[in-house]
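Structure first, then comments.
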Amino acid sequence: SSDPFPADIYAMGVCLFEMVNYYRPFAISFSESRSLLYRQQHRTYEFNKRIFVEQGCHDLLYIMLEPNPTQRPNATQVYDHYWFKLQIR
């Protein structure tokens with residue numbers, strides 16, 4: 001049996017990416033769906049250049065969107081990431 005939680009971390013990473021960039025990390029049309037796996041495995045997402053996103057958020061998204069589920073952080077590691085500890089000013 002596989003652990004479902006790495007998929008949850010990945011899904012949260014996709015949601016966080018969309019919240020800070022205003023678009024999905026792997027936005028493709030239905031006709032391009034064959035390339036979705038390739039895009040996920042090779043991390044072809046790009047951050048919105050018109051919006052400042054703190055480097056810590058980039059770092060957190062990088063580990064949450066890790067293609068290999070066994071190498072993704074768990075929920076505690078995500079919560080303990082330094083980006084969550086930054087004070088909002």
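Following the order of the structure tokens, chains are lettered A, B, ..., residues in each are numbered from 1, and ligands are numbered from 1.
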
Which residues are near range 5-21 of chain A? Cut-off 12 Å, only C-alpha atoms, ignore same chain within fewer than 6 positions. Put them as a PyMOL selection string. chain A and resi 27+40+43+45-54+57-79

Using DSSP on the backbone, list every residue of chain A that comes out as alpha helix (DSSP H), and give them as number ranges by chain. A: 5-21, 36-41, 55-64, 75-79, 82-85

Output for the residues just chosen: C-alpha atoms as a PDB file, in the first residue's frame:
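Full text of out-v8.pdb as output:
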```pdb
ATOM      1  CA  PHE A   5       0.168  12.018   2.181  1.00  0.00           C
ATOM      2  CA  PRO A   6       2.898  12.856  -0.377  1.00  0.00           C
ATOM      3  CA  ALA A   7       0.100  13.384  -2.916  1.00  0.00           C
ATOM      4  CA  ASP A   8      -1.582  15.762  -0.457  1.00  0.00           C
ATOM      5  CA  ILE A   9       1.652  17.742  -0.083  1.00  0.00           C
ATOM      6  CA  TYR A  10       1.950  17.930  -3.862  1.00  0.00           C
ATOM      7  CA  ALA A  11      -1.661  19.121  -4.162  1.00  0.00           C
ATOM      8  CA  MET A  12      -1.068  21.780  -1.495  1.00  0.00           C
ATOM      9  CA  GLY A  13       2.002  22.886  -3.462  1.00  0.00           C
ATOM     10  CA  VAL A  14      -0.109  23.286  -6.592  1.00  0.00           C
ATOM     11  CA  CYS A  15      -2.669  25.326  -4.609  1.00  0.00           C
ATOM     12  CA  LEU A  16       0.013  27.529  -3.026  1.00  0.00           C
ATOM     13  CA  PHE A  17       1.632  28.072  -6.424  1.00  0.00           C
ATOM     14  CA  GLU A  18      -1.685  29.195  -7.889  1.00  0.00           C
ATOM     15  CA  MET A  19      -2.409  31.481  -4.918  1.00  0.00           C
ATOM     16  CA  VAL A  20       0.886  33.372  -5.247  1.00  0.00           C
ATOM     17  CA  ASN A  21       1.168  33.375  -9.053  1.00  0.00           C
ATOM     18  CA  LEU A  36       1.551  17.007 -18.337  1.00  0.00           C
ATOM     19  CA  LEU A  37       3.606  14.187 -16.836  1.00  0.00           C
ATOM     20  CA  TYR A  38       6.721  15.422 -18.629  1.00  0.00           C
ATOM     21  CA  ARG A  39       6.135  18.957 -17.352  1.00  0.00           C
ATOM     22  CA  GLN A  40       5.657  17.723 -13.794  1.00  0.00           C
ATOM     23  CA  GLN A  41       8.717  15.471 -13.855  1.00  0.00           C
ATOM     24  CA  GLN A  55      12.558  33.362  -2.216  1.00  0.00           C
ATOM     25  CA  GLY A  56      11.478  31.294   0.774  1.00  0.00           C
ATOM     26  CA  CYS A  57       8.162  30.663  -0.952  1.00  0.00           C
ATOM     27  CA  HIS A  58      10.032  29.581  -4.095  1.00  0.00           C
ATOM     28  CA  ASP A  59      12.064  27.177  -1.972  1.00  0.00           C
ATOM     29  CA  LEU A  60       8.994  25.742  -0.264  1.00  0.00           C
ATOM     30  CA  LEU A  61       7.183  25.252  -3.566  1.00  0.00           C
ATOM     31  CA  TYR A  62      10.255  23.554  -5.023  1.00  0.00           C
ATOM     32  CA  ILE A  63      10.238  20.871  -2.331  1.00  0.00           C
ATOM     33  CA  MET A  64       6.448  20.515  -2.287  1.00  0.00           C
ATOM     34  CA  ALA A  75       3.213  18.103   6.710  1.00  0.00           C
ATOM     35  CA  THR A  76       5.363  18.908   9.754  1.00  0.00           C
ATOM     36  CA  GLN A  77       8.357  19.737   7.575  1.00  0.00           C
ATOM     37  CA  VAL A  78       6.202  22.022   5.423  1.00  0.00           C
ATOM     38  CA  TYR A  79       4.825  23.778   8.513  1.00  0.00           C
ATOM     39  CA  TYR A  82      11.249  29.036   7.429  1.00  0.00           C
ATOM     40  CA  TRP A  83       8.891  30.758   4.966  1.00  0.00           C
ATOM     41  CA  PHE A  84       5.987  30.075   7.348  1.00  0.00           C
ATOM     42  CA  LYS A  85       7.951  31.650  10.174  1.00  0.00           C
TER      43      LYS A  85
END
```
